[in-house]
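Working notes, beginning with the structure itself.
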There are 2 protein chains.
Amino acid sequence: MAGKPTSFDIAELAGVSQPTVSRALRGSPSVSEATRHRVQEIARQLNYKVDKNASNLRSRHSNTLALLLFEDPTPDDSMINPFFLAMLGSITRATARRGYDLLVSFQQLSSDWHTDYEDSRKADGLILLGYGDYRDYQERHARLVEQGTHFVRWGSEEPGHPEVVVGSDNRAGGHAVTQHLIGLGRRRIGFIGEIGIGSPEFRARYDGYCDALREAGLEPAAQYPAHNAEEDGNVAARNFLEQGVGLDAIVCASDMIAIGAMRALQKAGLKVPDDVALTGFDDILAASFANPPLTTVVQDVRAAGELLVSKLHDLIHKGQSVSEVIPTRLVVRQSSGAG
Amino acid sequence: MAGKPTSFDIAELAGVSQPTVSRALRGSPSVSEATRHRVQEIARQLNYKVDKNASNLRSRHSNTLALLLFEDPTPDDSMINPFFLAMLGSITRATARRGYDLLVSFQQLSSDWHTDYEDSRKADGLILLGYGDYRDYQERHARLVEQGTHFVRWGSEEPGHPEVVVGSDNRAGGHAVTQHLIGLGRRRIGFIGEIGIGSPEFRARYDGYCDALREAGLEPAAQYPAHNAEEDGNVAARNFLEQGVGLDAIVCASDMIAIGAMRALQKAGLKVPDDVALTGFDDILAASFANPPLTTVVQDVRAAGELLVSKLHDLIHKGQSVSEVIPTRLVVRQSSGAG
DNA sequence: CTGAAAGCGCTTACAG
DNA sequence: CTGAAAGCGCTTACAG
């Protein structure tokens, strides 16, 4: 027996047929306990492992999930958004718990990702993670649905799309954090973050911000676009300052944006939170180390990973599942001026 | 043609044999350009993708790399070390650049990882990433070598082991940061971090710390163990304080440890850096947001991912490669009391 | 440059 | 409970 042992080698040693080895190793109930024990013992001794390519080919599923991470407009090689990195960790754990392998891939929105994984039978299903420009995404999305690909997406539900989406309650989060600032006496509250069609999650946070203001009889004071990057937050805050918009608080669409905005404000000699209160969204690790520490909205990353995987599992095995919105939670630290 | 198209479907439509389709799609030079064009065009129209399970089975390689992330003694479900998360991002990018798929898996040091991937032909090679307890690792390591598994490891080279290792120059990093503190006039400098056999990287940082002190005619003032976690750093610093060890600086074996130590010092009413200077290692995102921002040693994560993947590639295709040490770089921020 | 044949190592009917 | 046969969809000799 040269090279790696096969099921035929085990069969010969165990004195049974090769299919019986296959059944025994998979724990089929139609194999006698004695046979199963003998086969498993021999397999163990020979360090035999089932060839996944062969078994996947025959059984027509791979027991593998693919995580496709598609990134912002600026997919430079620098840094991945820390929130997605945390999601990646959580998803990896959740797939392992369910006995799947996980294939991870960075994607450009423009590439062929929509066909590459399930079509080539590398994966039984896809997890889509990213802030995608929705207009661009929609064509591909239609293809996925049409081809019967199993997939779940992280983000916001889009009306009229039957896909399974798991996401945070961004609107409630934006509402909670804005209400918190209002309760602390802030009145001229601005917002930093994209609110266009390409950024539905930021948009929902913005909508929650507007809701809270209107409930309090206030108006949105100002809004500046920014993608989820420190530099974008920095630039947006500088714009606020240059234009002399007098704000006493800024709700930022993400922690990275807030950290960038904080840098701009402090550089301009303003005190956070005394002159301007500042809040983030995500609760990435760095948020609690900002100076002052950032009041923010926690996204439950652990639940997110668990739900994405379990729903994809249902889609694969039961043919259906439903979207779900995960509650968010306000974390009050010093940047909002509480206490 | 029900279900997904196969190479036979393409062959029939193109009026050639099925092996010719296979060759044309792989860009074999022994196919006429006309045939190749015709086949590729038909494949595109039908949205045909080569079945990876079949091609892997036949060709006996998977074009997939597996990243096995094995974690610290306390593999709770909480959080993955941010440095490893950054490495994960970098490795994912590097594998994609080389056309490999990446399988990601968390491993317990105690589990069967050493056989599970290459043996089952899920991957052509393994990337091992983690602070492993070396004693535990060695048995498995021997098995990997013995079975001819292709693998590279992140970390420190171990004498007498022929494996390919990529890692930072931890000793030089520990030396540089300690020398920096000495240059600023600090004299009683402690160290927080494990230095046992199970933590070779922390140990190397410690050795560099000792080197720098001795060169300056100083002695290591104190050392406390800590794994790479905020809480461990916090506990270690509290121990220093309780025991009344008078220190004017502490070199921490990682940023997470330093952040925890900073919390303990500040809680005790000490000023960083005025009373005690503090330094980290890794340069995770949170390091620059600590208060005060953390002087630390940068590990070149991008180079790390690139080298791990290219060396594993060489191992797979040329049968050999060599270990490499990546230079580190000191980043001076305020926690060390400079400027 | 192309085709007919074989075979990678399994799992799945089917038969007993 | 077990086995003989077939076949998943490719790639690889081999022949021409």
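Naming scheme: A, B, ... for chains in displayed order of the structure tokens; residues 1 onward per chain; ligands 1 onward as shown.
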Do you know which residues are at most 9 Å from DG9 in chain C counting only C-alpha atoms (C1' of nucleotides), after dropping those on the same chain fewer than 6 positions away, and could you put them as a JSON list (two decimals) with all heavy atoms, in the first residue's frame?
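Output below, filename around_21.json:
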```json
[["chain", "number", "residue", "atom", "x", "y", "z"],
["A", 6, "THR", "N", -6.57, 3.86, 1.19],
["A", 6, "THR", "CA", -7.92, 4.12, 0.69],
["A", 6, "THR", "C", -8.89, 3.20, 1.42],
["A", 6, "THR", "O", -8.49, 2.33, 2.21],
["A", 6, "THR", "CB", -8.03, 3.82, -0.81],
["A", 6, "THR", "OG1", -7.96, 2.40, -0.99],
["A", 6, "THR", "CG2", -6.92, 4.51, -1.58],
["A", 7, "SER", "N", -10.15, 3.37, 1.11],
["A", 7, "SER", "CA", -11.15, 2.53, 1.76],
["A", 7, "SER", "C", -10.98, 1.07, 1.35],
["A", 7, "SER", "O", -11.41, 0.16, 2.06],
["A", 7, "SER", "CB", -12.56, 3.04, 1.44],
["A", 7, "SER", "OG", -12.75, 3.16, 0.05],
["A", 8, "PHE", "N", -10.36, 0.85, 0.20],
["A", 8, "PHE", "CA", -10.12, -0.54, -0.22],
["A", 8, "PHE", "C", -9.08, -1.20, 0.68],
["A", 8, "PHE", "O", -9.18, -2.38, 0.99],
["A", 8, "PHE", "CB", -9.65, -0.58, -1.69],
["A", 8, "PHE", "CG", -10.78, -0.37, -2.66],
["A", 8, "PHE", "CD1", -11.08, 0.90, -3.14],
["A", 8, "PHE", "CD2", -11.56, -1.44, -3.07],
["A", 8, "PHE", "CE1", -12.13, 1.10, -4.02],
["A", 8, "PHE", "CE2", -12.62, -1.25, -3.96],
["A", 8, "PHE", "CZ", -12.91, 0.02, -4.44],
["A", 50, "VAL", "N", -11.10, 9.88, 5.08],
["A", 50, "VAL", "CA", -11.90, 9.84, 3.86],
["A", 50, "VAL", "C", -11.45, 10.97, 2.92],
["A", 50, "VAL", "O", -11.26, 12.09, 3.35],
["A", 50, "VAL", "CB", -13.39, 10.02, 4.19],
["A", 50, "VAL", "CG1", -14.21, 10.17, 2.92],
["A", 50, "VAL", "CG2", -13.89, 8.84, 5.00],
["A", 51, "ASP", "N", -11.26, 10.65, 1.68],
["A", 51, "ASP", "CA", -10.91, 11.67, 0.69],
["A", 51, "ASP", "C", -12.14, 12.52, 0.41],
["A", 51, "ASP", "O", -13.14, 12.06, -0.13],
["A", 51, "ASP", "CB", -10.43, 10.98, -0.60],
["A", 51, "ASP", "CG", -9.95, 12.01, -1.62],
["A", 51, "ASP", "OD1", -10.68, 12.98, -1.88],
["A", 51, "ASP", "OD2", -8.85, 11.83, -2.17],
["A", 53, "ASN", "N", -12.60, 14.98, -1.62],
["A", 53, "ASN", "CA", -12.93, 15.25, -3.01],
["A", 53, "ASN", "C", -13.77, 14.13, -3.59],
["A", 53, "ASN", "O", -14.74, 14.37, -4.29],
["A", 53, "ASN", "CB", -11.66, 15.44, -3.84],
["A", 53, "ASN", "CG", -10.90, 16.69, -3.43],
["A", 53, "ASN", "OD1", -9.71, 16.65, -3.17],
["A", 53, "ASN", "ND2", -11.60, 17.81, -3.35],
["A", 54, "ALA", "N", -13.39, 12.92, -3.27],
["A", 54, "ALA", "CA", -14.14, 11.78, -3.77],
["A", 54, "ALA", "C", -15.53, 11.74, -3.13],
["A", 54, "ALA", "O", -16.54, 11.55, -3.83],
["A", 54, "ALA", "CB", -13.39, 10.48, -3.48],
["A", 55, "SER", "N", -15.58, 11.91, -1.84],
["A", 55, "SER", "CA", -16.89, 11.80, -1.20],
["A", 55, "SER", "C", -17.80, 12.95, -1.60],
["A", 55, "SER", "O", -19.00, 12.77, -1.81],
["A", 55, "SER", "CB", -16.75, 11.68, 0.32],
["A", 55, "SER", "OG", -16.58, 12.93, 0.91],
["B", 57, "LEU", "N", -10.11, 15.53, -7.38],
["B", 57, "LEU", "CA", -9.98, 14.08, -7.18],
["B", 57, "LEU", "C", -9.03, 13.50, -8.22],
["B", 57, "LEU", "O", -8.12, 12.74, -7.89],
["B", 57, "LEU", "CB", -11.36, 13.43, -7.30],
["B", 57, "LEU", "CG", -11.38, 11.90, -7.28],
["B", 57, "LEU", "CD1", -10.78, 11.37, -5.98],
["B", 57, "LEU", "CD2", -12.80, 11.39, -7.45]]
```
Give the strand (DSSP E or B) residues of range 65-248 of chain B, as DSSP finds them on the backbone, and put them as a ChimeraX atom specification. /B:65-70,101-107,125-129,151-154,164-168,189-192,222-224
Could you please take those selected residues and save C-alpha atoms as a compact mmCIF listing (two decimals), in the first residue's frame?
```
# COMPACT_ATOMS: atom_id res chain seq x y z
CA LEU B 65 -4.62 26.17 1.58
CA ALA B 66 -5.85 25.63 5.11
CA LEU B 67 -5.25 28.16 7.83
CA LEU B 68 -5.34 26.50 11.23
CA LEU B 69 -5.67 29.01 13.99
CA PHE B 70 -4.92 27.46 17.31
CA ASP B 101 -8.72 29.17 -1.95
CA LEU B 102 -8.41 29.43 1.78
CA LEU B 103 -10.01 27.15 4.31
CA VAL B 104 -10.07 28.67 7.76
CA SER B 105 -10.45 26.70 10.93
CA PHE B 106 -10.11 27.29 14.62
CA GLN B 107 -8.38 24.50 16.38
CA GLY B 125 -0.84 22.66 2.58
CA LEU B 126 -1.30 24.06 6.05
CA ILE B 127 -0.56 27.41 7.66
CA LEU B 128 -0.24 27.09 11.41
CA LEU B 129 -0.97 30.21 13.37
CA PHE B 151 3.09 23.24 6.23
CA VAL B 152 4.52 26.53 7.39
CA ARG B 153 4.23 27.92 10.87
CA TRP B 154 4.03 31.43 12.21
CA VAL B 164 9.63 26.31 7.71
CA VAL B 165 8.83 29.12 10.13
CA VAL B 166 8.02 32.74 9.43
CA GLY B 167 8.06 35.14 12.31
CA SER B 168 8.95 38.58 13.51
CA ILE B 189 12.20 48.49 33.98
CA GLY B 190 9.92 45.47 34.45
CA PHE B 191 8.49 43.00 31.98
CA ILE B 192 5.00 41.52 31.73
CA ALA B 222 10.96 42.26 37.69
CA GLN B 223 8.94 39.93 35.48
CA TYR B 224 5.35 38.79 35.73
```
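Any residue of chain C with an atom within 10 Å of chain A counts; using only C-alpha atoms (C1' of nucleotides), that gives C:DC8, C:DG9, C:DC10, C:DT11, C:DT12.
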Residue selection dump (N, CA and C atoms (P, O5', C5', C4', C3', O3' and C1' of nucleotides)) as a JSON list (two decimals), in the first residue's frame:
```json
[["chain", "number", "residue", "atom", "x", "y", "z"],
["C", 8, "DC", "P", -7.20, 4.51, -9.83],
["C", 8, "DC", "O5'", -7.15, 5.82, -8.94],
["C", 8, "DC", "C5'", -6.33, 6.94, -9.28],
["C", 8, "DC", "C4'", -7.02, 8.20, -8.79],
["C", 8, "DC", "C3'", -7.82, 7.97, -7.52],
["C", 8, "DC", "O3'", -7.00, 8.29, -6.41],
["C", 8, "DC", "C1'", -9.07, 9.25, -9.16],
["C", 9, "DG", "P", -6.77, 7.18, -5.26],
["C", 9, "DG", "O5'", -8.14, 7.24, -4.47],
["C", 9, "DG", "C5'", -8.53, 8.47, -3.87],
["C", 9, "DG", "C4'", -9.96, 8.35, -3.42],
["C", 9, "DG", "C3'", -10.25, 7.14, -2.53],
["C", 9, "DG", "O3'", -11.03, 7.60, -1.44],
["C", 9, "DG", "C1'", -11.81, 7.25, -4.27],
["C", 10, "DC", "P", -11.25, 6.79, -0.13],
["C", 10, "DC", "O5'", -12.56, 7.55, 0.37],
["C", 10, "DC", "C5'", -13.82, 6.96, 0.27],
["C", 10, "DC", "C4'", -14.72, 7.81, -0.61],
["C", 10, "DC", "C3'", -16.17, 7.46, -0.43],
["C", 10, "DC", "O3'", -16.72, 8.38, 0.51],
["C", 10, "DC", "C1'", -15.59, 7.50, -2.76],
["C", 11, "DT", "P", -17.94, 7.94, 1.42],
["C", 11, "DT", "O5'", -19.16, 7.97, 0.39],
["C", 11, "DT", "C5'", -19.58, 9.20, -0.17],
["C", 11, "DT", "C4'", -20.78, 8.93, -1.06],
["C", 11, "DT", "C3'", -21.99, 8.36, -0.33],
["C", 11, "DT", "O3'", -23.11, 9.01, -0.91],
["C", 11, "DT", "C1'", -21.36, 6.89, -2.07],
["C", 12, "DT", "P", -24.54, 8.91, -0.28],
["C", 12, "DT", "O5'", -25.35, 8.16, -1.42],
["C", 12, "DT", "C5'", -25.12, 8.54, -2.77],
["C", 12, "DT", "C4'", -25.77, 7.52, -3.69],
["C", 12, "DT", "C3'", -27.07, 6.91, -3.17],
["C", 12, "DT", "O3'", -27.99, 6.90, -4.24],
["C", 12, "DT", "C1'", -25.58, 5.20, -3.79]]
```
Can you list, as a ChimeraX atom specification, every protein, DNA or RNA residue that comes within 12 Å of DG16 in chain D when you count only C-alpha atoms (C1' of nucleotides), leaving out same-chain residues fewer than 4 positions away? /C:1-4
Output the selection as a PDB file, in the first residue's frame - C-alpha atoms (C1' of nucleotides) for each residue.
```
ATOM      1  C1'  DC C   1      -3.929  19.134 -32.316  1.00  0.00           C
ATOM      2  C1'  DT C   2      -7.574  15.675 -30.911  1.00  0.00           C
ATOM      3  C1'  DG C   3      -9.988  11.437 -29.227  1.00  0.00           C
ATOM      4  C1'  DA C   4     -10.996   6.765 -26.827  1.00  0.00           C
TER       5       DA C   4
END
```
What lies within 12 Å of Gly319 in chain A using only C-alpha atoms (C1' of nucleotides), ignoring chain neighbours under 3 positions off, as a compact mmCIF listing (two decimals) with N, CA and C atoms, in the first residue's frame?
```
# COMPACT_ATOMS: atom_id res chain seq x y z
N GLY A 125 -23.11 26.56 0.23
CA GLY A 125 -23.85 27.80 0.40
C GLY A 125 -22.90 28.96 0.64
N GLY A 148 -30.75 29.35 -8.04
CA GLY A 148 -31.05 28.51 -6.89
C GLY A 148 -29.89 28.37 -5.92
N THR A 149 -28.98 29.32 -5.95
CA THR A 149 -27.85 29.27 -5.02
C THR A 149 -28.33 29.51 -3.59
N HIS A 150 -27.78 28.76 -2.68
CA HIS A 150 -28.11 28.97 -1.27
C HIS A 150 -27.23 30.07 -0.71
N PHE A 151 -27.83 31.11 -0.23
CA PHE A 151 -27.01 32.17 0.35
C PHE A 151 -27.78 32.98 1.38
N VAL A 164 -32.64 35.77 2.25
CA VAL A 164 -32.54 35.73 3.70
C VAL A 164 -31.43 36.70 4.15
N LYS A 311 -29.06 29.85 9.63
CA LYS A 311 -30.05 30.09 8.58
C LYS A 311 -29.59 29.54 7.23
N LEU A 312 -28.31 29.64 6.98
CA LEU A 312 -27.80 29.05 5.75
C LEU A 312 -27.95 27.53 5.79
N HIS A 313 -27.70 26.99 6.94
CA HIS A 313 -27.89 25.55 7.13
C HIS A 313 -29.34 25.14 6.83
N ASP A 314 -30.29 25.92 7.34
CA ASP A 314 -31.69 25.63 7.08
C ASP A 314 -32.02 25.73 5.59
N LEU A 315 -31.45 26.71 4.97
CA LEU A 315 -31.68 26.92 3.54
C LEU A 315 -31.19 25.70 2.75
N ILE A 316 -30.05 25.20 3.13
CA ILE A 316 -29.46 24.07 2.43
C ILE A 316 -30.26 22.80 2.70
N VAL A 322 -35.82 32.28 7.25
CA VAL A 322 -36.37 33.64 7.26
C VAL A 322 -35.33 34.64 7.73
```
Just the residues within 7 Å of Arg329 in chain B, please, counting only C-alpha atoms (C1' of nucleotides), with nothing from its chain fewer than 2 positions along; format it as a short mmCIF file (atom, residue, chain, number, x, y, z; two decimals) with C-alpha atoms, in the first residue's frame.
```
data_model
loop_
_atom_site.label_atom_id
_atom_site.label_comp_id
_atom_site.auth_asym_id
_atom_site.auth_seq_id
_atom_site.Cartn_x
_atom_site.Cartn_y
_atom_site.Cartn_z
CA GLY B 173 11.85 44.21 18.90
CA VAL B 297 6.69 47.40 18.20
CA VAL B 298 5.07 46.92 14.81
CA PRO B 327 12.21 42.87 10.89
CA VAL B 331 6.63 53.14 16.90
#
```
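Interatomic distance, CA of Lys271 in chain A to CA of Pro82 in chain A: 26.2 Å.
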